[in-house]
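The block underneath contains the structure these notes are about, expressed in structure tokens.
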Amino acid sequence: MSLRIVIVEPDETRARLLIDSLRPLGHHVTVIAEATGLARKVRDLAPDIVLIDMADPSRDTLEAMATASGPFERPVAFFVDRTDADLTRQAIEAGVSAYVIDGLRPDRVAAVMDAAIARFQMFRRMRLELEATRRALEERKMIDRAKGILMKARGIGEEEAYALLRRTAMDQGRRLAEVAAALVTAAGLLS
Amino acid sequence: MSPPALRLGFVPLLDAAPIIVAREMGFAEAEGLALELCAAPSWSSLRDMVLWGQVEAAQMLAPIPVAIALGLVGPVARLDILQVLSVNGDVLGVSSAIETRLRGMGFGFDFVDAKAARAGLAAAVTGELRIGVPFPFSTHAALVRHWLAGEGPAFSLHTIPPPQMAEALAAGEIDAFCVGEPWGSVAVERGVGALLLPGAAIWAAAPEKVLAARHDWIGTQPETVARLMRAVWQAGRWMDMPANRATVADLLARSEHVNAPPELLDRALSGQMVISTRGEERRVGDMIRFHAGAAAFPWRSQAAWFACQLARIHGLDVAAAVGAAMAICRTDLYRANLRGVGADLPGASSRIEGALDHPTAVASERGTMILPRDVFFDRAIFDPTRPDC
């Protein structure tokens, strides 16, 4: 029997990738992209499993649904599945949290989680790479500004300015970008 | 040798201040501690980060470690409360529609009288009042339940992340909210509602956020725990000096911390609140407190109060719940680790909550200390040895 899975994911590309990895398992997958009215939307869809990025602030809204109903009534008895510690740890490290309806067979949950974890690990790698690229770009800009300041202040050429920065960094045992940032800040204070 | 590194989780709110100040103003460094601050997007994620070892300790809503101790979060590791980070700091607000109706009835928005505000709401609201709170296990939810139980309008609690609270009010998803600053002031600035009461009008000394860590980690790292507690306690003391207020607001306003304008953050820090789009100002004596009046002391009776209410809602044995909650308050570590840096220590670790109508001298290690007013709006008294809530 196929499971009803809801993915809370505002990013369309990521949602698409998640759907592509879960549908082949034979499940019915729906995406909620908009946080407004999240509790009502989830209740209407009555899913067996809800998947959400740990970095999504709306997670607390799902958490409330999981705890509010308590053990005595279960119109929507979600709970975070922590019975399998290994799986939970992997999920948390990958950055995905799951709310699973009470009584669902553990092996069925595990299959879905394995697929979701693999996808989120990929998202995580992409995010780290993106951050590294952005940082490199910002450092590049900072070094360019520092070069500009040196060229103006000392009347030297670009290559000479760069060499001076690099030498200073080596002498002080600091990263080139740090030396450049310090110079830019100091120049800002003096101007 | 480099100092031991410690990862500390927080949610971007005004009351994360002691943790942020402990790092940014060098209190951690002075203790030989390299603090790495990790911002969390939600309380559930922050809780999981602590439980699963992605951070060693964290700022946390006071009722979360209590709920875990009561078994309401499933079979997870025990979290202990090392100290209280902030007392008070929440505000209650209503939608513009309810504000208009209340004004039409002649309600004065005095920002003081919780009984009058409750009666006003009961008259102004037909049907169920939908109230947004940040988390099911929160001081906010506990205050609202205590306030409206019995005589108020019918209500339901809805969990909304604080930065989305104004939006949810504007969209008509909720009619009112109880949220930590600056998010109440943000709703006023956006023109979607008015502030009705400070949380302190319901309970004059409500513990709001605590410093929590895994019980087993605390046991294996006594020296690191001591350094952390001293650094955070020193930060609280520094922040409570009025001269440092503007620095605190500027520090928090930075994007990697709270990312809100310093003017909005300063409202709660100064107690000078702007409660409506008309610019009405209200002065609150105890809007938020970090240090004075033994604010940081993890009173066992306060955890017991949260436990009593949670036990009632979830159908648990009240006495057992109160006992479990009191056991996680590490008054032993507070005494052992903070005595040396000048913290005055109360003679008792538990008290009758709600009994002080004015600042009162009580026995302490150095003679006497002054405890601030701590009454409930309805004069309720909570005795943890005979829990009734």
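Every chain in the structure tokens takes a letter, A first, then B, and so on in the order presented; its residues are numbered from 1, and the ligands are numbered from 1 following the presented order.
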
Residue neighbourhood A:Val42, 10 Å, only C-alpha atoms, exclusion window fewer than 3 positions, as a ChimeraX atom specification:
/A:6-8,32,37-39,45-47,50,62,65,76

What residues in chain A lie within 7 Å of chain B, counting only C-alpha atoms, written as a PyMOL selection string?
chain A and resi 37+54-61+63-64+70+89

For A:Ala146, please output as a PyMOL selection string all residues within 7 Å (counting only C-alpha atoms; exclusion window: fewer than 5 positions along the same chain).
chain A and resi 180+183-184

Residues near stretch 343-348 of chain B, cut-off 10 Å, only C-alpha atoms, skip fewer than 4 positions along chain, as an mmCIF file with N, CA and C atoms, in the first residue's frame:
```cif
data_model
loop_
_atom_site.group_PDB
_atom_site.id
_atom_site.type_symbol
_atom_site.label_atom_id
_atom_site.label_comp_id
_atom_site.auth_asym_id
_atom_site.auth_seq_id
_atom_site.Cartn_x
_atom_site.Cartn_y
_atom_site.Cartn_z
ATOM 1 N N ARG B 230 29.803 30.585 34.561
ATOM 2 C CA ARG B 230 30.367 31.859 35.037
ATOM 3 C C ARG B 230 30.334 32.920 33.925
ATOM 4 N N TRP B 233 26.755 34.092 33.401
ATOM 5 C CA TRP B 233 26.299 34.863 34.565
ATOM 6 C C TRP B 233 26.925 36.262 34.572
ATOM 7 N N GLN B 234 28.223 36.334 34.239
ATOM 8 C CA GLN B 234 28.904 37.636 34.167
ATOM 9 C C GLN B 234 28.287 38.499 33.080
ATOM 10 N N ARG B 237 25.120 40.044 34.373
ATOM 11 C CA ARG B 237 25.393 41.135 35.311
ATOM 12 C C ARG B 237 25.777 42.407 34.557
ATOM 13 N N HIS B 291 19.442 39.755 35.450
ATOM 14 C CA HIS B 291 20.389 39.519 36.532
ATOM 15 C C HIS B 291 19.833 39.869 37.919
ATOM 16 N N GLY B 293 17.885 40.619 41.376
ATOM 17 C CA GLY B 293 16.919 39.800 42.097
ATOM 18 C C GLY B 293 17.103 38.313 41.881
ATOM 19 N N ALA B 294 18.355 37.865 41.800
ATOM 20 C CA ALA B 294 18.657 36.440 41.606
ATOM 21 C C ALA B 294 17.930 35.872 40.392
ATOM 22 N N ALA B 296 18.965 34.741 37.666
ATOM 23 C CA ALA B 296 19.572 33.579 37.020
ATOM 24 C C ALA B 296 19.411 32.289 37.823
ATOM 25 N N PHE B 297 18.957 32.411 39.062
ATOM 26 C CA PHE B 297 18.865 31.213 39.913
ATOM 27 C C PHE B 297 17.763 30.268 39.396
ATOM 28 N N TRP B 299 15.253 28.306 40.149
ATOM 29 C CA TRP B 299 14.343 27.897 41.219
ATOM 30 C C TRP B 299 13.622 26.602 40.865
ATOM 31 N N ARG B 300 13.703 25.639 41.755
ATOM 32 C CA ARG B 300 13.039 24.354 41.519
ATOM 33 C C ARG B 300 11.518 24.520 41.482
ATOM 34 N N THR B 331 20.449 23.536 40.904
ATOM 35 C CA THR B 331 20.791 24.539 41.920
ATOM 36 C C THR B 331 22.114 24.177 42.591
ATOM 37 N N TYR B 334 24.724 25.636 40.350
ATOM 38 C CA TYR B 334 24.651 27.101 40.438
ATOM 39 C C TYR B 334 25.389 27.573 41.688
ATOM 40 N N ARG B 335 25.102 26.915 42.796
ATOM 41 C CA ARG B 335 25.751 27.304 44.057
ATOM 42 C C ARG B 335 27.258 27.070 43.980
ATOM 43 N N ASN B 337 29.305 26.716 41.391
ATOM 44 C CA ASN B 337 30.086 27.392 40.357
ATOM 45 C C ASN B 337 30.026 28.902 40.428
ATOM 46 N N LEU B 338 28.999 29.464 41.038
ATOM 47 C CA LEU B 338 28.844 30.915 40.988
ATOM 48 C C LEU B 338 29.120 31.602 42.318
ATOM 49 N N ARG B 339 29.282 30.828 43.360
ATOM 50 C CA ARG B 339 29.596 31.408 44.669
ATOM 51 C C ARG B 339 30.893 32.226 44.562
ATOM 52 N N VAL B 362 14.962 38.187 51.760
ATOM 53 C CA VAL B 362 14.936 36.785 52.204
ATOM 54 C C VAL B 362 16.350 36.374 52.629
ATOM 55 N N ALA B 363 16.427 35.274 53.341
ATOM 56 C CA ALA B 363 17.724 34.803 53.821
ATOM 57 C C ALA B 363 18.591 34.372 52.647
ATOM 58 N N SER B 364 19.880 34.792 52.699
ATOM 59 C CA SER B 364 20.818 34.344 51.679
ATOM 60 C C SER B 364 22.141 34.025 52.366
ATOM 61 N N GLU B 365 23.097 33.501 51.593
ATOM 62 C CA GLU B 365 24.379 33.118 52.174
ATOM 63 C C GLU B 365 25.129 34.293 52.781
ATOM 64 N N ARG B 366 24.906 35.491 52.190
ATOM 65 C CA ARG B 366 25.633 36.649 52.690
ATOM 66 C C ARG B 366 24.775 37.483 53.639
ATOM 67 N N GLY B 367 23.679 36.939 54.104
ATOM 68 C CA GLY B 367 22.809 37.658 55.029
ATOM 69 C C GLY B 367 21.407 37.701 54.482
ATOM 70 N N THR B 368 21.119 38.772 53.706
ATOM 71 C CA THR B 368 19.810 38.827 53.067
ATOM 72 C C THR B 368 19.967 39.256 51.623
ATOM 73 N N MET B 369 19.008 38.871 50.799
ATOM 74 C CA MET B 369 18.952 39.354 49.430
ATOM 75 C C MET B 369 17.515 39.786 49.153
ATOM 76 N N ILE B 370 17.372 40.691 48.168
ATOM 77 C CA ILE B 370 16.037 41.194 47.852
ATOM 78 C C ILE B 370 15.489 40.418 46.663
ATOM 79 N N LEU B 371 14.348 39.784 46.857
ATOM 80 C CA LEU B 371 13.672 39.137 45.732
ATOM 81 C C LEU B 371 12.580 40.082 45.223
#
```

From a DSSP calculation on the backbone, collect every residue of stretch 146-228 of chain B in strand (DSSP E) and output the set as a VMD selection string.
chain B and resid 155 to 159 176 to 180 193 to 198 207 to 214

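Near B:Gly180, within 8 Å and counting only C-alpha atoms, sit Leu13, Leu14, Asp15, Gly89, Asp90, Val91 and Pro162 of chain B; same-chain residues fewer than 6 positions away were not included.
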
Those residues with C-alpha atoms, as a PDB file, in the first residue's frame please?
```pdb
ATOM      1  CA  LEU B  13      15.482  36.684  19.966  1.00  0.00           C
ATOM      2  CA  LEU B  14      16.153  39.557  22.339  1.00  0.00           C
ATOM      3  CA  ASP B  15      16.559  37.158  25.238  1.00  0.00           C
ATOM      4  CA  GLY B  89      10.168  39.626  28.143  1.00  0.00           C
ATOM      5  CA  ASP B  90       6.962  38.467  26.436  1.00  0.00           C
ATOM      6  CA  VAL B  91       4.112  40.631  25.217  1.00  0.00           C
ATOM      7  CA  PRO B 162       8.056  34.409  16.155  1.00  0.00           C
TER       8      PRO B 162
END
```

Tell me which protein, DNA and RNA residues are within 7 Å of A:Pro10, counting only C-alpha atoms, leaving out same-chain ones fewer than 2 positions away, and put them as a PyMOL selection string.
chain A and resi 8+12+33-34

From a backbone DSSP assignment, name each residue in chain A labelled helix (DSSP H, G or I), as an NGL selection string.
:A and (12-25 or 38-45 or 59-68 or 85-94 or 106-154 or 158-172 or 176-190)

Generate a file of the selected residues that holds C-alpha atoms, formatted as a tab-separated table (two decimals), in the first residue's frame.
```tsv
chain	number	residue	atom	x	y	z
A	12	GLU	CA	10.70	24.33	-6.04
A	13	THR	CA	13.88	22.65	-7.29
A	14	ARG	CA	14.49	20.87	-4.02
A	15	ALA	CA	10.85	19.82	-3.80
A	16	ARG	CA	11.08	18.39	-7.32
A	17	LEU	CA	14.21	16.38	-6.43
A	18	LEU	CA	12.51	14.98	-3.32
A	19	ILE	CA	9.42	13.97	-5.29
A	20	ASP	CA	11.62	12.25	-7.86
A	21	SER	CA	13.25	10.11	-5.20
A	22	LEU	CA	10.05	9.21	-3.31
A	23	ARG	CA	7.54	8.53	-6.08
A	24	PRO	CA	9.50	5.55	-7.48
A	25	LEU	CA	8.92	3.88	-4.10
A	38	LEU	CA	0.48	25.16	7.42
A	39	ALA	CA	-1.34	23.33	10.22
A	40	ARG	CA	-4.66	23.44	8.38
A	41	LYS	CA	-3.11	22.30	5.09
A	42	VAL	CA	-1.39	19.34	6.74
A	43	ARG	CA	-4.57	18.37	8.58
A	44	ASP	CA	-6.55	18.46	5.32
A	45	LEU	CA	-4.03	16.24	3.54
A	59	ARG	CA	8.96	23.01	11.83
A	60	ASP	CA	7.66	24.16	15.23
A	61	THR	CA	4.14	24.33	13.81
A	62	LEU	CA	4.34	20.63	12.89
A	63	GLU	CA	5.91	19.87	16.25
A	64	ALA	CA	2.85	21.38	17.93
A	65	MET	CA	0.56	19.12	15.90
A	66	ALA	CA	2.67	16.16	17.01
A	67	THR	CA	2.38	16.96	20.70
A	68	ALA	CA	-1.05	18.60	20.90
A	85	ALA	CA	18.37	6.02	17.10
A	86	ASP	CA	20.70	5.42	14.15
A	87	LEU	CA	18.18	6.57	11.61
A	88	THR	CA	17.31	9.61	13.71
A	89	ARG	CA	20.95	10.58	14.03
A	90	GLN	CA	21.48	10.25	10.28
A	91	ALA	CA	18.39	12.33	9.62
A	92	ILE	CA	19.48	15.09	12.00
A	93	GLU	CA	22.95	15.15	10.52
A	94	ALA	CA	21.50	15.40	7.03
A	106	PRO	CA	9.13	0.80	11.07
A	107	ASP	CA	10.49	-0.80	7.89
A	108	ARG	CA	8.18	1.31	5.74
A	109	VAL	CA	9.29	4.46	7.54
A	110	ALA	CA	12.95	3.43	7.18
A	111	ALA	CA	12.68	3.08	3.40
A	112	VAL	CA	11.22	6.56	3.04
A	113	MET	CA	13.74	8.03	5.45
A	114	ASP	CA	16.69	6.46	3.64
A	115	ALA	CA	15.61	8.09	0.40
A	116	ALA	CA	14.96	11.46	2.09
A	117	ILE	CA	18.26	11.39	3.97
A	118	ALA	CA	20.19	10.72	0.79
A	119	ARG	CA	18.54	13.71	-0.88
A	120	PHE	CA	19.11	16.03	2.08
A	121	GLN	CA	22.76	15.00	2.25
A	122	MET	CA	23.00	16.12	-1.34
A	123	PHE	CA	21.24	19.45	-0.52
A	124	ARG	CA	23.66	19.94	2.33
A	125	ARG	CA	26.67	19.42	0.11
A	126	MET	CA	25.23	21.84	-2.44
A	127	ARG	CA	24.62	24.41	0.27
A	128	LEU	CA	28.17	24.10	1.62
A	129	GLU	CA	29.63	24.43	-1.87
A	130	LEU	CA	27.50	27.48	-2.53
A	131	GLU	CA	28.63	29.07	0.71
A	132	ALA	CA	32.28	28.34	-0.08
A	133	THR	CA	31.88	29.94	-3.50
A	134	ARG	CA	30.18	32.99	-2.03
A	135	ARG	CA	32.87	33.39	0.60
A	136	ALA	CA	35.61	33.11	-2.01
A	137	LEU	CA	33.90	35.79	-4.06
A	138	GLU	CA	33.59	38.13	-1.08
A	139	GLU	CA	37.23	37.62	-0.17
A	140	ARG	CA	38.19	38.37	-3.75
A	141	LYS	CA	36.28	41.65	-3.56
A	142	MET	CA	37.88	42.57	-0.24
A	143	ILE	CA	41.36	41.94	-1.63
A	144	ASP	CA	40.57	44.09	-4.65
A	145	ARG	CA	39.47	46.95	-2.41
A	146	ALA	CA	42.58	46.62	-0.26
A	147	LYS	CA	44.73	46.68	-3.39
A	148	GLY	CA	42.96	49.83	-4.53
A	149	ILE	CA	43.59	51.55	-1.20
A	150	LEU	CA	47.29	50.65	-1.27
A	151	MET	CA	47.71	51.77	-4.88
A	152	LYS	CA	46.20	55.15	-4.07
A	153	ALA	CA	47.96	55.68	-0.74
A	154	ARG	CA	51.43	54.64	-1.85
A	158	GLU	CA	48.45	46.73	-8.87
A	159	GLU	CA	51.00	43.94	-8.88
A	160	GLU	CA	53.14	45.67	-6.30
A	161	ALA	CA	50.10	46.27	-4.08
A	162	TYR	CA	49.17	42.62	-4.27
A	163	ALA	CA	52.74	41.54	-3.46
A	164	LEU	CA	52.77	43.85	-0.45
A	165	LEU	CA	49.52	42.37	0.85
A	166	ARG	CA	50.77	38.85	0.37
A	167	ARG	CA	54.08	39.55	2.05
A	168	THR	CA	52.33	41.13	5.04
A	169	ALA	CA	50.03	38.13	5.34
A	170	MET	CA	52.98	35.74	5.27
A	171	ASP	CA	54.94	37.79	7.81
A	172	GLN	CA	52.01	37.87	10.21
A	176	LEU	CA	45.45	37.23	2.77
A	177	ALA	CA	41.72	38.00	3.06
A	178	GLU	CA	42.08	38.81	6.76
A	179	VAL	CA	44.88	41.28	6.14
A	180	ALA	CA	42.86	42.86	3.35
A	181	ALA	CA	39.77	43.16	5.58
A	182	ALA	CA	41.83	44.76	8.35
A	183	LEU	CA	43.23	47.30	5.91
A	184	VAL	CA	39.81	48.16	4.47
A	185	THR	CA	38.37	48.65	7.98
A	186	ALA	CA	41.32	50.77	9.08
A	187	ALA	CA	41.10	52.88	5.93
A	188	GLY	CA	37.39	53.40	6.58
A	189	LEU	CA	38.17	54.66	10.07
A	190	LEU	CA	40.87	57.07	8.86
```

Determine, counting only C-alpha atoms, which protein, DNA and RNA residues have an atom within 10 Å of an atom of B:Gln272; residues of the same chain fewer than 3 positions away are not included. Present the result as a PDB file with N, CA and C atoms, in the first residue's frame.
```pdb
ATOM      1  N   ASP B 266      15.529  48.037  21.739  1.00  0.00           N
ATOM      2  CA  ASP B 266      15.701  48.866  22.921  1.00  0.00           C
ATOM      3  C   ASP B 266      14.387  49.094  23.671  1.00  0.00           C
ATOM      4  N   ARG B 267      13.270  48.950  22.983  1.00  0.00           N
ATOM      5  CA  ARG B 267      11.990  49.169  23.671  1.00  0.00           C
ATOM      6  C   ARG B 267      11.853  48.232  24.870  1.00  0.00           C
ATOM      7  N   ALA B 268      12.075  46.933  24.638  1.00  0.00           N
ATOM      8  CA  ALA B 268      11.939  45.984  25.745  1.00  0.00           C
ATOM      9  C   ALA B 268      13.070  46.165  26.765  1.00  0.00           C
ATOM     10  N   LEU B 269      14.288  46.431  26.259  1.00  0.00           N
ATOM     11  CA  LEU B 269      15.425  46.589  27.182  1.00  0.00           C
ATOM     12  C   LEU B 269      15.206  47.768  28.121  1.00  0.00           C
ATOM     13  N   ILE B 275       2.782  50.725  22.151  1.00  0.00           N
ATOM     14  CA  ILE B 275       1.819  49.624  22.112  1.00  0.00           C
ATOM     15  C   ILE B 275       0.858  49.667  20.931  1.00  0.00           C
ATOM     16  N   GLU B 281       2.669  55.244  24.295  1.00  0.00           N
ATOM     17  CA  GLU B 281       3.777  54.639  25.028  1.00  0.00           C
ATOM     18  C   GLU B 281       3.325  54.174  26.401  1.00  0.00           C
ATOM     19  N   ARG B 282       3.882  53.044  26.822  1.00  0.00           N
ATOM     20  CA  ARG B 282       3.611  52.541  28.172  1.00  0.00           C
ATOM     21  C   ARG B 282       4.939  52.129  28.794  1.00  0.00           C
ATOM     22  N   ARG B 283       5.116  52.547  30.044  1.00  0.00           N
ATOM     23  CA  ARG B 283       6.361  52.197  30.732  1.00  0.00           C
ATOM     24  C   ARG B 283       6.121  50.924  31.557  1.00  0.00           C
ATOM     25  N   VAL B 284       6.992  49.923  31.388  1.00  0.00           N
ATOM     26  CA  VAL B 284       6.860  48.667  32.127  1.00  0.00           C
ATOM     27  C   VAL B 284       8.068  48.521  33.050  1.00  0.00           C
ATOM     28  N   GLY B 285       7.802  48.353  34.335  1.00  0.00           N
ATOM     29  CA  GLY B 285       8.887  48.305  35.312  1.00  0.00           C
ATOM     30  C   GLY B 285       9.793  47.094  35.158  1.00  0.00           C
ATOM     31  N   MET B 287      10.014  44.742  32.433  1.00  0.00           N
ATOM     32  CA  MET B 287       9.730  44.189  31.096  1.00  0.00           C
ATOM     33  C   MET B 287      10.589  42.957  30.824  1.00  0.00           C
TER      34      MET B 287
END
```

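Taking only C-alpha atoms into account, B:Val87 lies nearest to B:Ala206 out of the set B:Leu197, B:Ala206, B:Val21, B:Val188.
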
Between B:Ser255, B:Thr385, B:Thr247, B:Ser270, single out the one closest to B:Cys308, counting only C-alpha atoms.
B:Thr385

Between atom CA of B:Arg227 and atom CA of B:Ala303, measure the distance and give it in Å to one decimal.
23.9 Å

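Atom to atom, atom CA of B:Leu310 and atom CA of B:Arg330 stand 20.5 Å apart.
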
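As for atom CA of B:Pro262 and atom CA of B:Asp250, they are spaced 5.5 Å apart.
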
Looking at only C-alpha atoms, which of B:Pro65, B:Pro222, B:Pro18, B:Gly120 is the one that sits closest to B:Leu102?
B:Gly120

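In terms of minimum interatomic distance to B:Gly354, B:Ala380 ranks closest within B:Ile98, B:Leu333, B:Ala324, B:Ala380, counting only C-alpha atoms.
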